[in-house]
file entry.tsv (TSV, C-alpha atoms)
chain	number	residue	atom	x	y	z
D	1	MET	CA	43.27	-59.39	-12.45
D	2	ILE	CA	39.52	-58.83	-12.39
D	3	THR	CA	38.05	-57.77	-9.06
D	4	PRO	CA	35.15	-59.99	-7.95
D	5	PRO	CA	31.82	-58.19	-7.89
D	6	GLU	CA	31.34	-58.90	-4.20
D	7	GLN	CA	34.54	-56.99	-3.39
D	8	LEU	CA	33.17	-53.88	-5.07
D	9	LEU	CA	30.52	-53.63	-2.38
D	10	SER	CA	31.55	-51.96	0.87
D	11	TYR	CA	29.91	-53.18	4.04
D	12	ARG	CA	28.82	-50.59	6.60
D	13	SER	CA	27.73	-51.59	10.07
D	14	ARG	CA	24.75	-50.01	11.79
D	15	ARG	CA	27.17	-48.22	14.10
D	16	SER	CA	28.98	-46.56	11.18
D	17	VAL	CA	25.67	-45.49	9.63
D	18	LYS	CA	24.57	-44.03	12.96
D	19	ASN	CA	27.81	-42.10	13.35
D	20	SER	CA	27.59	-40.72	9.80
D	21	CYS	CA	24.17	-39.23	10.62
D	22	LYS	CA	25.79	-37.10	13.27
D	23	LEU	CA	27.93	-35.28	10.73
D	24	ASP	CA	27.04	-31.58	10.42
D	25	ILE	CA	27.04	-31.14	6.67
D	26	PHE	CA	26.38	-27.40	7.02
D	27	SER	CA	29.62	-26.98	8.98
D	28	ILE	CA	31.66	-27.56	5.82
D	29	LEU	CA	29.61	-25.10	3.78
D	30	SER	CA	30.36	-21.40	3.56
D	31	ASP	CA	27.90	-18.82	4.87
D	32	GLU	CA	27.10	-17.84	1.30
D	33	ILE	CA	26.04	-21.38	0.39
D	34	VAL	CA	23.98	-21.77	3.57
D	35	LEU	CA	22.30	-18.45	2.79
D	36	MET	CA	21.37	-19.69	-0.67
D	37	ILE	CA	19.78	-22.78	0.87
D	38	LEU	CA	17.89	-20.87	3.54
D	39	GLN	CA	16.31	-18.52	1.04
D	40	TRP	CA	14.00	-21.35	-0.04
D	41	LEU	CA	12.48	-21.68	3.44
D	42	PRO	CA	9.32	-19.89	4.67
D	43	LYS	CA	9.63	-17.23	7.35
D	44	ARG	CA	8.26	-19.49	10.11
D	45	THR	CA	10.95	-22.08	9.43
D	46	LEU	CA	13.63	-19.41	9.36
D	47	SER	CA	12.56	-18.28	12.82
D	48	VAL	CA	13.10	-21.85	14.07
D	49	CYS	CA	16.47	-22.10	12.30
D	50	ALA	CA	17.63	-18.98	14.11
D	51	MET	CA	17.49	-20.94	17.38
D	52	VAL	CA	19.80	-23.76	16.23
D	53	CYS	CA	23.11	-22.08	17.03
D	54	GLN	CA	24.87	-18.70	16.95
D	55	ARG	CA	26.15	-19.20	13.41
D	56	TRP	CA	22.72	-20.08	12.08
D	57	ARG	CA	21.21	-17.11	13.91
D	58	ARG	CA	23.75	-14.79	12.28
D	59	VAL	CA	23.09	-16.21	8.79
D	60	VAL	CA	19.31	-16.41	9.21
D	61	TYR	CA	19.15	-12.72	10.18
D	62	ASP	CA	20.80	-11.62	6.95
D	63	GLU	CA	18.62	-8.86	5.49
D	64	SER	CA	18.38	-10.57	2.10
D	65	LEU	CA	16.15	-13.27	3.66
D	66	TRP	CA	13.72	-10.73	5.08
D	67	GLU	CA	13.26	-8.37	2.14
D	68	ARG	CA	9.51	-9.10	2.06
D	69	ILE	CA	7.32	-10.04	5.03
D	70	ASP	CA	3.59	-10.79	5.09
D	71	LEU	CA	1.86	-10.59	8.50
D	72	THR	CA	-1.73	-10.33	7.27
D	73	ASN	CA	-4.40	-11.14	9.88
D	74	GLN	CA	-1.82	-11.76	12.63
D	75	VAL	CA	-2.16	-10.75	16.28
D	76	LEU	CA	1.12	-9.03	17.15
D	77	ARG	CA	2.10	-8.94	20.80
D	78	PRO	CA	4.32	-6.23	22.36
D	79	ASP	CA	7.82	-6.15	20.80
D	80	GLN	CA	6.89	-8.42	17.87
D	81	VAL	CA	6.57	-5.44	15.51
D	82	GLY	CA	9.97	-4.27	16.74
D	83	TYR	CA	11.57	-7.62	15.97
D	84	VAL	CA	10.08	-7.48	12.46
D	85	LEU	CA	11.36	-3.94	11.86
D	86	GLN	CA	14.83	-4.97	13.04
D	87	ARG	CA	14.97	-7.44	10.14
D	88	ASN	CA	14.84	-4.35	7.85
D	89	PRO	CA	12.31	-5.58	5.26
D	90	ALA	CA	11.74	-3.45	2.17
D	91	ILE	CA	8.18	-4.73	1.62
D	92	LEU	CA	5.96	-5.19	4.68
D	93	ARG	CA	2.31	-6.18	4.60
D	94	MET	CA	0.41	-5.75	7.88
D	95	SER	CA	-3.16	-5.45	6.61
D	96	GLN	CA	-5.88	-6.46	9.08
D	97	VAL	CA	-3.37	-7.12	11.85
D	98	GLU	CA	-4.16	-6.53	15.52
D	99	VAL	CA	-1.32	-4.78	17.33
D	100	VAL	CA	-1.42	-5.20	21.10
D	101	SER	CA	-0.15	-2.20	23.12
D	102	PRO	CA	2.46	-1.23	24.00
D	103	LEU	CA	4.24	-1.42	20.66
D	104	PHE	CA	7.68	-1.73	22.28
D	105	LYS	CA	8.11	-3.13	25.77
D	106	GLU	CA	11.20	-5.20	26.60
D	107	ILE	CA	13.11	-3.79	23.59
D	108	ALA	CA	12.00	-0.18	24.07
D	109	SER	CA	15.53	1.01	24.85
D	110	THR	CA	17.01	-0.59	21.72
D	111	MET	CA	14.28	0.94	19.51
D	112	GLU	CA	14.74	4.55	20.66
D	113	ASP	CA	17.13	5.62	17.90
D	114	PHE	CA	16.35	2.79	15.48
D	115	LEU	CA	15.22	3.57	11.93
D	116	CYS	CA	14.10	0.83	9.54
D	117	HIS	CA	14.32	0.80	5.74
D	118	VAL	CA	10.75	-0.21	4.84
D	119	GLN	CA	9.73	1.28	1.51
D	120	TYR	CA	6.32	-0.34	0.91
D	121	LEU	CA	4.00	-0.64	3.92
D	122	ASP	CA	0.39	-1.81	3.93
D	123	LEU	CA	-1.52	-1.24	7.19
D	124	SER	CA	-4.99	-1.30	5.66
D	125	MET	CA	-7.73	-1.99	8.25
D	126	ALA	CA	-5.19	-2.65	10.99
D	127	LEU	CA	-6.38	-2.56	14.59
D	128	ILE	CA	-3.74	-0.31	16.10
D	129	SER	CA	-3.97	2.66	18.45
D	130	PRO	CA	-3.01	6.08	17.00
D	131	LYS	CA	-0.18	6.29	19.57
D	132	ASP	CA	1.32	2.98	18.44
D	133	LEU	CA	0.73	3.85	14.77
D	134	ALA	CA	2.58	7.15	15.16
D	135	GLU	CA	5.43	5.35	16.92
D	136	LEU	CA	5.61	2.67	14.24
D	137	LEU	CA	5.63	5.18	11.37
D	138	GLY	CA	8.16	7.23	13.33
D	139	LYS	CA	10.67	4.44	12.68
D	140	CYS	CA	10.25	4.91	8.93
D	141	ARG	CA	11.97	7.51	6.78
D	142	ASP	CA	12.24	5.77	3.40
D	143	LEU	CA	8.59	4.99	2.64
D	144	LYS	CA	7.60	5.24	-1.01
D	145	LYS	CA	4.13	3.71	-0.80
D	146	LEU	CA	1.89	3.60	2.28
D	147	SER	CA	-1.68	2.45	2.91
D	148	LEU	CA	-3.52	3.34	6.13
D	149	GLU	CA	-7.05	2.67	4.94
D	150	HIS	CA	-9.59	2.64	7.79
D	151	CYS	CA	-7.01	3.58	10.46
D	152	ILE	CA	-7.06	6.39	13.03
D	153	THR	CA	-4.72	9.09	11.73
D	154	ASP	CA	-4.53	11.94	14.20
D	155	THR	CA	-2.05	14.83	14.01
D	156	ASN	CA	0.81	12.79	15.52
D	157	VAL	CA	0.32	10.05	12.94
D	158	CYS	CA	0.36	12.66	10.16
D	159	LEU	CA	3.60	14.12	11.53
D	160	SER	CA	5.21	10.67	11.29
D	161	ILE	CA	3.94	10.27	7.72
D	162	ALA	CA	5.31	13.70	6.79
D	163	ALA	CA	8.83	12.63	7.77
D	164	ASN	CA	8.86	10.40	4.67
D	165	THR	CA	9.63	13.13	2.17
D	166	GLU	CA	10.04	10.70	-0.76
D	167	LEU	CA	6.54	9.25	-0.38
D	168	GLU	CA	4.93	8.73	-3.79
D	169	VAL	CA	1.70	6.85	-3.02
D	170	LEU	CA	-0.55	7.39	0.01
D	171	ASN	CA	-3.87	5.68	0.69
D	172	MET	CA	-5.83	7.24	3.56
D	173	SER	CA	-9.28	6.20	2.42
D	174	GLN	CA	-11.84	6.11	5.26
D	175	CYS	CA	-9.28	7.25	7.84
D	176	TYR	CA	-10.54	8.78	11.07
D	177	GLN	CA	-9.58	12.00	12.90
D	178	LEU	CA	-7.76	13.54	9.93
D	179	ASP	CA	-7.60	17.29	10.54
D	180	VAL	CA	-6.29	20.39	8.76
D	181	ALA	CA	-3.00	20.54	10.70
D	182	GLY	CA	-2.09	16.94	9.99
D	183	LEU	CA	-3.10	17.09	6.33
D	184	GLU	CA	-1.10	20.27	5.83
D	185	GLU	CA	2.02	18.66	7.33
D	186	ILE	CA	1.76	15.78	4.87
D	187	LEU	CA	1.19	17.91	1.78
D	188	VAL	CA	3.90	20.45	2.65
D	189	ASN	CA	6.58	17.82	3.29
D	190	CYS	CA	5.61	15.00	0.91
D	191	THR	CA	6.18	16.92	-2.30
D	192	GLU	CA	6.73	13.79	-4.42
D	193	LEU	CA	3.18	12.43	-4.06
D	194	LEU	CA	1.87	11.04	-7.34
D	195	GLU	CA	-1.14	9.11	-6.01
D	196	LEU	CA	-3.35	10.21	-3.11
D	197	ASN	CA	-6.59	8.67	-1.84
D	198	LEU	CA	-8.59	10.72	0.69
D	199	ALA	CA	-11.98	9.14	-0.02
D	200	TRP	CA	-14.56	9.38	2.74
D	201	THR	CA	-12.23	10.90	5.34
D	202	LYS	CA	-14.88	13.49	6.26
D	203	LEU	CA	-12.92	16.40	4.82
D	204	ASP	CA	-14.46	19.77	5.64
D	205	SER	CA	-14.06	22.97	3.62
D	206	ASP	CA	-10.78	23.90	5.31
D	207	CYS	CA	-9.25	20.49	4.57
D	208	ILE	CA	-10.36	20.66	0.95
D	209	ASP	CA	-8.84	24.14	0.65
D	210	VAL	CA	-5.52	22.76	1.91
D	211	VAL	CA	-5.58	19.89	-0.60
D	212	CYS	CA	-6.37	22.14	-3.56
D	213	LYS	CA	-3.66	24.64	-2.61
D	214	LEU	CA	-0.82	22.36	-1.43
D	215	VAL	CA	-1.06	18.97	-3.13
D	216	ASN	CA	1.85	18.24	-5.48
D	217	GLU	CA	1.11	19.97	-8.78
D	218	ASN	CA	2.48	16.94	-10.63
D	219	ILE	CA	0.11	14.48	-8.96
D	220	ARG	CA	-1.30	11.88	-11.35
D	221	GLN	CA	-4.10	10.15	-9.44
D	222	LEU	CA	-6.38	11.73	-6.83
D	223	ASN	CA	-9.47	10.47	-5.01
D	224	LEU	CA	-11.57	13.06	-3.14
D	225	SER	CA	-14.86	11.18	-3.22
D	226	GLY	CA	-17.32	11.48	-0.34
D	227	CYS	CA	-16.83	15.19	0.33
D	228	LEU	CA	-20.59	15.65	0.03
D	229	LYS	CA	-21.62	19.34	0.40
D	230	PHE	CA	-18.13	20.64	1.25
D	231	MET	CA	-16.57	20.25	-2.21
D	232	LYS	CA	-17.45	23.24	-4.42
D	233	ASP	CA	-16.93	24.07	-8.08
D	234	SER	CA	-14.36	26.67	-7.03
D	235	HIS	CA	-12.30	23.91	-5.36
D	236	VAL	CA	-12.34	21.82	-8.51
D	237	LYS	CA	-11.29	24.76	-10.68
D	238	GLU	CA	-8.41	25.65	-8.38
D	239	LEU	CA	-7.30	22.02	-8.18
D	240	VAL	CA	-7.32	21.18	-11.90
D	241	SER	CA	-5.78	24.51	-12.92
D	242	ARG	CA	-2.79	23.75	-10.62
D	243	CYS	CA	-2.56	20.01	-11.24
D	244	SER	CA	-2.98	19.66	-14.97
D	245	CYS	CA	-1.12	16.30	-15.04
D	246	ILE	CA	-3.96	14.38	-13.37
D	247	THR	CA	-4.90	11.22	-15.26
D	248	GLN	CA	-7.33	9.72	-12.72
D	249	LEU	CA	-9.75	11.83	-10.68
D	250	ASP	CA	-12.58	10.60	-8.45
D	251	LEU	CA	-15.10	13.20	-7.26
D	252	SER	CA	-17.97	10.81	-6.59
D	253	ASP	CA	-20.51	11.74	-3.91
D	254	CYS	CA	-19.60	15.44	-4.03
D	255	THR	CA	-23.20	16.49	-4.21
D	256	GLU	CA	-22.69	20.28	-4.56
D	257	LEU	CA	-20.75	20.10	-7.82
D	258	THR	CA	-22.35	21.44	-11.00
D	259	GLU	CA	-21.54	21.44	-14.68
D	260	LEU	CA	-18.99	24.21	-13.99
D	261	SER	CA	-16.68	21.47	-12.67
D	262	LEU	CA	-17.07	19.58	-15.95
D	263	GLU	CA	-16.10	22.72	-17.86
D	264	ALA	CA	-13.00	23.23	-15.71
D	265	ILE	CA	-11.92	19.62	-16.23
D	266	SER	CA	-12.46	19.87	-19.96
D	267	LYS	CA	-10.34	23.01	-20.04
D	268	TYR	CA	-7.37	22.02	-17.88
D	269	LEU	CA	-7.08	18.22	-17.77
D	270	CYS	CA	-5.93	17.36	-21.26
D	271	ASP	CA	-4.48	13.99	-20.18
D	272	ILE	CA	-7.36	12.74	-18.02
D	273	GLU	CA	-8.01	9.03	-18.59
D	274	GLN	CA	-10.38	8.03	-15.79
D	275	LEU	CA	-13.05	10.29	-14.31
D	276	SER	CA	-15.69	9.50	-11.67
D	277	PHE	CA	-18.74	11.65	-10.85
D	278	SER	CA	-21.00	8.95	-9.43
D	279	ARG	CA	-23.97	10.22	-7.41
D	280	CYS	CA	-23.16	13.87	-8.09
D	281	TYR	CA	-26.88	14.63	-8.27
D	282	ASN	CA	-26.48	18.36	-8.93
D	283	ILE	CA	-25.16	17.68	-12.43
D	284	LEU	CA	-27.82	16.84	-15.00
D	285	PRO	CA	-27.01	13.64	-16.95
D	286	ASN	CA	-27.09	15.41	-20.32
D	287	ARG	CA	-24.32	17.81	-19.18
D	288	TYR	CA	-21.68	15.10	-19.34
D	289	VAL	CA	-21.66	15.54	-23.11
D	290	LYS	CA	-19.21	18.37	-22.39
D	291	LEU	CA	-16.57	15.67	-21.81
D	292	VAL	CA	-16.87	14.14	-25.29
D	293	ASN	CA	-14.10	16.33	-26.68
D	294	ILE	CA	-11.50	15.05	-24.20
D	295	LYS	CA	-9.58	12.68	-26.47
D	296	SER	CA	-7.60	11.05	-23.66
D	297	LEU	CA	-10.70	10.03	-21.64
D	298	GLN	CA	-11.10	6.23	-21.47
D	299	TYR	CA	-13.36	5.59	-18.46
D	300	LEU	CA	-16.27	7.63	-17.12
D	301	ASN	CA	-18.10	6.49	-13.99
D	302	ILE	CA	-21.49	8.09	-13.34
D	303	PHE	CA	-23.24	5.46	-11.24
D	304	GLY	CA	-26.64	6.33	-9.80
D	305	LEU	CA	-27.42	9.15	-12.21
D	306	MET	CA	-29.43	7.58	-15.03
D	307	HIS	CA	-31.53	4.59	-16.00
D	308	SER	CA	-30.17	1.76	-18.11
D	309	ASP	CA	-31.92	3.10	-21.23
D	310	GLN	CA	-30.28	6.50	-20.83
D	311	LEU	CA	-26.95	4.84	-20.20
D	312	GLU	CA	-27.22	2.89	-23.45
D	313	THR	CA	-27.90	6.14	-25.32
D	314	TYR	CA	-24.83	7.70	-23.71
D	315	LYS	CA	-22.70	4.76	-24.76
D	316	GLN	CA	-23.52	5.61	-28.34
D	317	THR	CA	-22.39	9.20	-27.75
D	318	PHE	CA	-19.19	8.21	-25.90
D	319	LYS	CA	-18.07	5.63	-28.44
D	320	SER	CA	-14.43	5.57	-27.31
D	321	VAL	CA	-15.22	5.86	-23.59
D	322	GLN	CA	-16.26	2.98	-21.32
D	323	LEU	CA	-19.14	4.00	-19.04
D	324	ASN	CA	-19.59	2.61	-15.51
D	325	GLU	CA	-16.97	-0.09	-15.90
D	326	GLN	CA	-15.21	0.69	-12.58
D	327	GLU	CA	-17.49	0.58	-9.57
D	328	PHE	CA	-14.64	0.85	-7.05
D	329	SER	CA	-11.64	3.15	-7.14
D	330	THR	CA	-8.15	1.63	-7.30
D	331	ILE	CA	-6.28	4.89	-6.68
D	332	ALA	CA	-3.31	4.33	-4.31
D	333	ARG	CA	-4.76	1.04	-3.06
D	334	PRO	CA	-2.18	-1.74	-2.47
D	335	THR	CA	-4.35	-4.63	-3.69
D	336	VAL	CA	-6.77	-4.72	-6.59
D	337	GLY	CA	-9.25	-7.48	-7.38
D	338	ILE	CA	-8.73	-10.94	-5.87
D	339	ARG	CA	-4.93	-10.86	-5.77
D	340	ARG	CA	-3.76	-11.11	-2.16
D	341	THR	CA	-0.13	-12.15	-2.54
D	342	SER	CA	1.24	-8.76	-3.57
D	343	ILE	CA	0.98	-5.06	-2.74
D	344	TRP	CA	1.31	-2.43	-5.47
D	345	GLY	CA	2.35	-5.27	-7.79
D	346	LEU	CA	5.22	-6.38	-5.54
D	347	ARG	CA	5.24	-9.95	-4.22
D	348	VAL	CA	5.01	-10.27	-0.44
D	349	ARG	CA	4.96	-14.05	-0.05
D	350	ASP	CA	7.77	-16.51	-0.72
call {"tool": "encode", "arguments": {"input": "entry.tsv", "output": "structure tokens"}}
result
Amino acid sequence: MITPPEQLLSYRSRRSVKNSCKLDIFSILSDEIVLMILQWLPKRTLSVCAMVCQRWRRVVYDESLWERIDLTNQVLRPDQVGYVLQRNPAILRMSQVEVVSPLFKEIASTMEDFLCHVQYLDLSMALISPKDLAELLGKCRDLKKLSLEHCITDTNVCLSIAANTELEVLNMSQCYQLDVAGLEEILVNCTELLELNLAWTKLDSDCIDVVCKLVNENIRQLNLSGCLKFMKDSHVKELVSRCSCITQLDLSDCTELTELSLEAISKYLCDIEQLSFSRCYNILPNRYVKLVNIKSLQYLNIFGLMHSDQLETYKQTFKSVQLNEQEFSTIARPTVGIRRTSIWGLRVRD
């Protein structure tokens, strides 16, 4: 017997449709499936989902959903940084944030013995007091890459940095209040540093001595630009003779350096690829010919030292070397160029 077409259609009243909408579909799904669904949501939506019920709160706070967090340009009220750290992100971008003191207020007691697992932290140009910065970094022990560009880094901040003994990349360009004691703590304890940027931190002779004597001898990239009259040829010789693995070195605006520094680099840095001597006015332009025999050299930056005609002549001499192609240093910096969705090549946004 053939069933009439009209009997194949099931009629549902408005009441039945209304009741079906009340079904909690998520209640029949396992936590693993719900977690897979939630991973497609932005962090703001996840924060709202955490308020639905206890089960959702438990699932939403799974560490896999908070592996990367981007708080760029945010104003962070007391305790908000603590709540973020409690999510245990591995990649945390807090560049240009404003952190309102105190760092921990209502949750201060729960944060006393807490340690997070952040490995990549960008605090470039953050408005944060040195006390709060030291306290924040004091919750970190697993940092591999850290940027504090344009922050106040007093001795207490440096002590917190030094506790991260596996630190590989450190950007302290244009930091304030960096002194000998703090710098020494970092260099003595952070023996795995491969990239270090200390550009324009107002290093005096004592600080430069500490860097040349204590920086990891296997360091690959180093920026000491802006040392003005305090950096001497003797510093350069001591540095490059210890750290012969350097591939990128920026000594721009070290106005006391002479051609003796060029000779030391030519002698000890056989693997140097990028070299910057911009505005080192004590070195005559024709002395840079001493670097021609370095086969590994790819980029030479000597901005402000010669006219365009002289530069063109030099380009003929340095046939395999690109002159003045890199106006700004990228050493240890978390972002390069116009890319703003990643730090050190790691994505920070979902």
call {"tool": "atom_distance", "arguments": {"input": "entry.tsv", "atom1": "atom CA of Leu103 of chain D", "atom2": "atom CA of Pro78 of chain D"}}
result
5.1 Å
call {"tool": "atom_distance", "arguments": {"input": "entry.tsv", "atom1": "atom CA of Ser205 of chain D", "atom2": "atom CA of Gly226 of chain D"}}
result
12.6 Å
call {"tool": "atom_distance", "arguments": {"input": "entry.tsv", "atom1": "atom CA of Asn156 of chain D", "atom2": "atom CA of Asp122 of chain D"}}
result
18.6 Å
call {"tool": "axis_aligned_box", "arguments": {"input": "entry.tsv", "around": "segment 197-208 of chain D", "padding_each_side": "4 Å", "output": "lines of an AutoDock Vina configuration file"}}
result
center_x = -10.7
center_y = 16.3
center_z = 2.2
size_x = 16.3
size_y = 23.2
size_z = 16.1
call {"tool": "residues_around", "arguments": {"input": "entry.tsv", "residues": "Asn286 of chain D", "least_positions_apart": "3", "cutoff": "12 Å", "atoms": "all atoms listed in the file", "output": "list of chain:residue names"}}
result
D:Glu259, D:Leu262, D:Asn282, D:Ile283, D:Val289, D:Lys290, D:Leu291, D:Val292, D:Ile302, D:Leu305, D:Met306, D:Gln310, D:Leu311, D:Thr313, D:Tyr314, D:Thr317
call {"tool": "closest_residue", "arguments": {"input": "entry.tsv", "among": "D:Arg349, D:Arg44, D:Arg141, D:His117", "to": "Ser160 of chain D", "atoms": "only C-alpha atoms"}}
result
D:Arg141
call {"tool": "residues_around", "arguments": {"input": "entry.tsv", "residues": "Gln248 of chain D", "least_positions_apart": "4", "cutoff": "10 Å", "atoms": "only C-alpha atoms", "output": "list in words"}}
result
Glu195, Ile219, Arg220, Gln221, Leu222, Asn223, Leu269, Asp271, Ile272, Glu273, Gln274, Leu275, Ser276, Leu297, Tyr299, Ser329, Thr330 and Ile331 of chain D
call {"tool": "closest_residue", "arguments": {"input": "entry.tsv", "among": "D:Ile91, D:Leu127, D:Leu251, D:Leu187", "to": "Glu149 of chain D", "atoms": "all atoms listed in the file"}}
result
D:Leu127
call {"tool": "residues_around", "arguments": {"input": "entry.tsv", "residues": "Arg57 of chain D", "least_positions_apart": "6", "cutoff": "10 Å", "atoms": "all atoms listed in the file", "output": "list in words"}}
result
Leu46, Ser47, Val48, Cys49, Ala50 and Met51 of chain D
call {"tool": "closest_residue", "arguments": {"input": "entry.tsv", "among": "D:Tyr288, D:Trp344, D:Phe303, D:Phe230", "to": "Phe318 of chain D", "atoms": "all atoms listed in the file"}}
result
D:Tyr288
call {"tool": "closest_residue", "arguments": {"input": "entry.tsv", "among": "D:Asn293, D:Gln177, D:Ser241, D:Thr165", "to": "Thr153 of chain D", "atoms": "only C-alpha atoms"}}
result
D:Gln177
call {"tool": "closest_residue", "arguments": {"input": "entry.tsv", "among": "D:Arg68, D:His307, D:Lys213, D:Lys295", "to": "Leu239 of chain D", "atoms": "all atoms listed in the file"}}
result
D:Lys213
call {"tool": "closest_residue", "arguments": {"input": "entry.tsv", "among": "D:Cys280, D:Leu146, D:Cys207, D:Cys227", "to": "Asp179 of chain D", "atoms": "only C-alpha atoms"}}
result
D:Cys207
call {"tool": "decode", "arguments": {"input": "entry.tsv", "residues": "segment 195-202 of chain D", "atoms": "all heavy atoms", "output": "compact mmCIF listing (two decimals), in the first residue's frame"}}
result
# COMPACT_ATOMS: atom_id res chain seq x y z
N GLU D 195 69.46 36.91 22.02
CA GLU D 195 69.19 38.22 21.44
C GLU D 195 68.98 39.22 22.58
O GLU D 195 68.19 38.97 23.48
CB GLU D 195 67.95 38.19 20.54
CG GLU D 195 68.07 37.29 19.33
CD GLU D 195 66.83 37.34 18.45
OE1 GLU D 195 66.17 38.40 18.41
OE2 GLU D 195 66.50 36.32 17.83
N LEU D 196 69.68 40.34 22.51
CA LEU D 196 69.57 41.36 23.56
C LEU D 196 69.60 42.74 22.93
O LEU D 196 70.50 43.06 22.15
CB LEU D 196 70.73 41.21 24.56
CG LEU D 196 70.81 42.26 25.68
CD1 LEU D 196 69.57 42.21 26.55
CD2 LEU D 196 72.07 42.04 26.51
N ASN D 197 68.60 43.56 23.28
CA ASN D 197 68.52 44.93 22.77
C ASN D 197 68.57 45.90 23.95
O ASN D 197 67.64 45.96 24.76
CB ASN D 197 67.21 45.12 21.98
CG ASN D 197 67.20 46.43 21.20
OD1 ASN D 197 67.84 47.40 21.57
ND2 ASN D 197 66.46 46.46 20.11
N LEU D 198 69.65 46.65 24.04
CA LEU D 198 69.84 47.66 25.09
C LEU D 198 70.01 49.05 24.48
O LEU D 198 70.66 49.92 25.05
CB LEU D 198 71.05 47.32 25.96
CG LEU D 198 70.96 46.04 26.80
CD1 LEU D 198 72.29 45.73 27.44
CD2 LEU D 198 69.87 46.16 27.85
N ALA D 199 69.40 49.27 23.34
CA ALA D 199 69.56 50.53 22.62
C ALA D 199 68.99 51.71 23.40
O ALA D 199 67.89 51.64 23.94
CB ALA D 199 68.88 50.45 21.25
N TRP D 200 69.77 52.75 23.52
CA TRP D 200 69.33 54.02 24.10
C TRP D 200 68.77 53.84 25.52
O TRP D 200 67.72 54.40 25.86
CB TRP D 200 68.31 54.70 23.20
CG TRP D 200 68.94 55.17 21.92
CD1 TRP D 200 68.90 54.52 20.72
CD2 TRP D 200 69.75 56.34 21.73
NE1 TRP D 200 69.62 55.22 19.77
CE2 TRP D 200 70.15 56.35 20.36
CE3 TRP D 200 70.15 57.38 22.56
CZ2 TRP D 200 70.94 57.35 19.83
CZ3 TRP D 200 70.95 58.39 22.02
CH2 TRP D 200 71.33 58.37 20.67
N THR D 201 69.44 53.04 26.31
CA THR D 201 69.08 52.89 27.73
C THR D 201 70.00 53.71 28.63
O THR D 201 70.02 53.51 29.84
CB THR D 201 69.14 51.41 28.14
OG1 THR D 201 70.41 50.87 27.77
CG2 THR D 201 68.04 50.61 27.49
N LYS D 202 70.75 54.61 28.02
CA LYS D 202 71.67 55.50 28.76
C LYS D 202 72.68 54.71 29.58
O LYS D 202 72.92 54.99 30.76
CB LYS D 202 70.87 56.46 29.66
CG LYS D 202 69.98 57.41 28.89
CD LYS D 202 69.28 58.40 29.80
CE LYS D 202 68.42 59.36 29.00
NZ LYS D 202 67.72 60.35 29.86
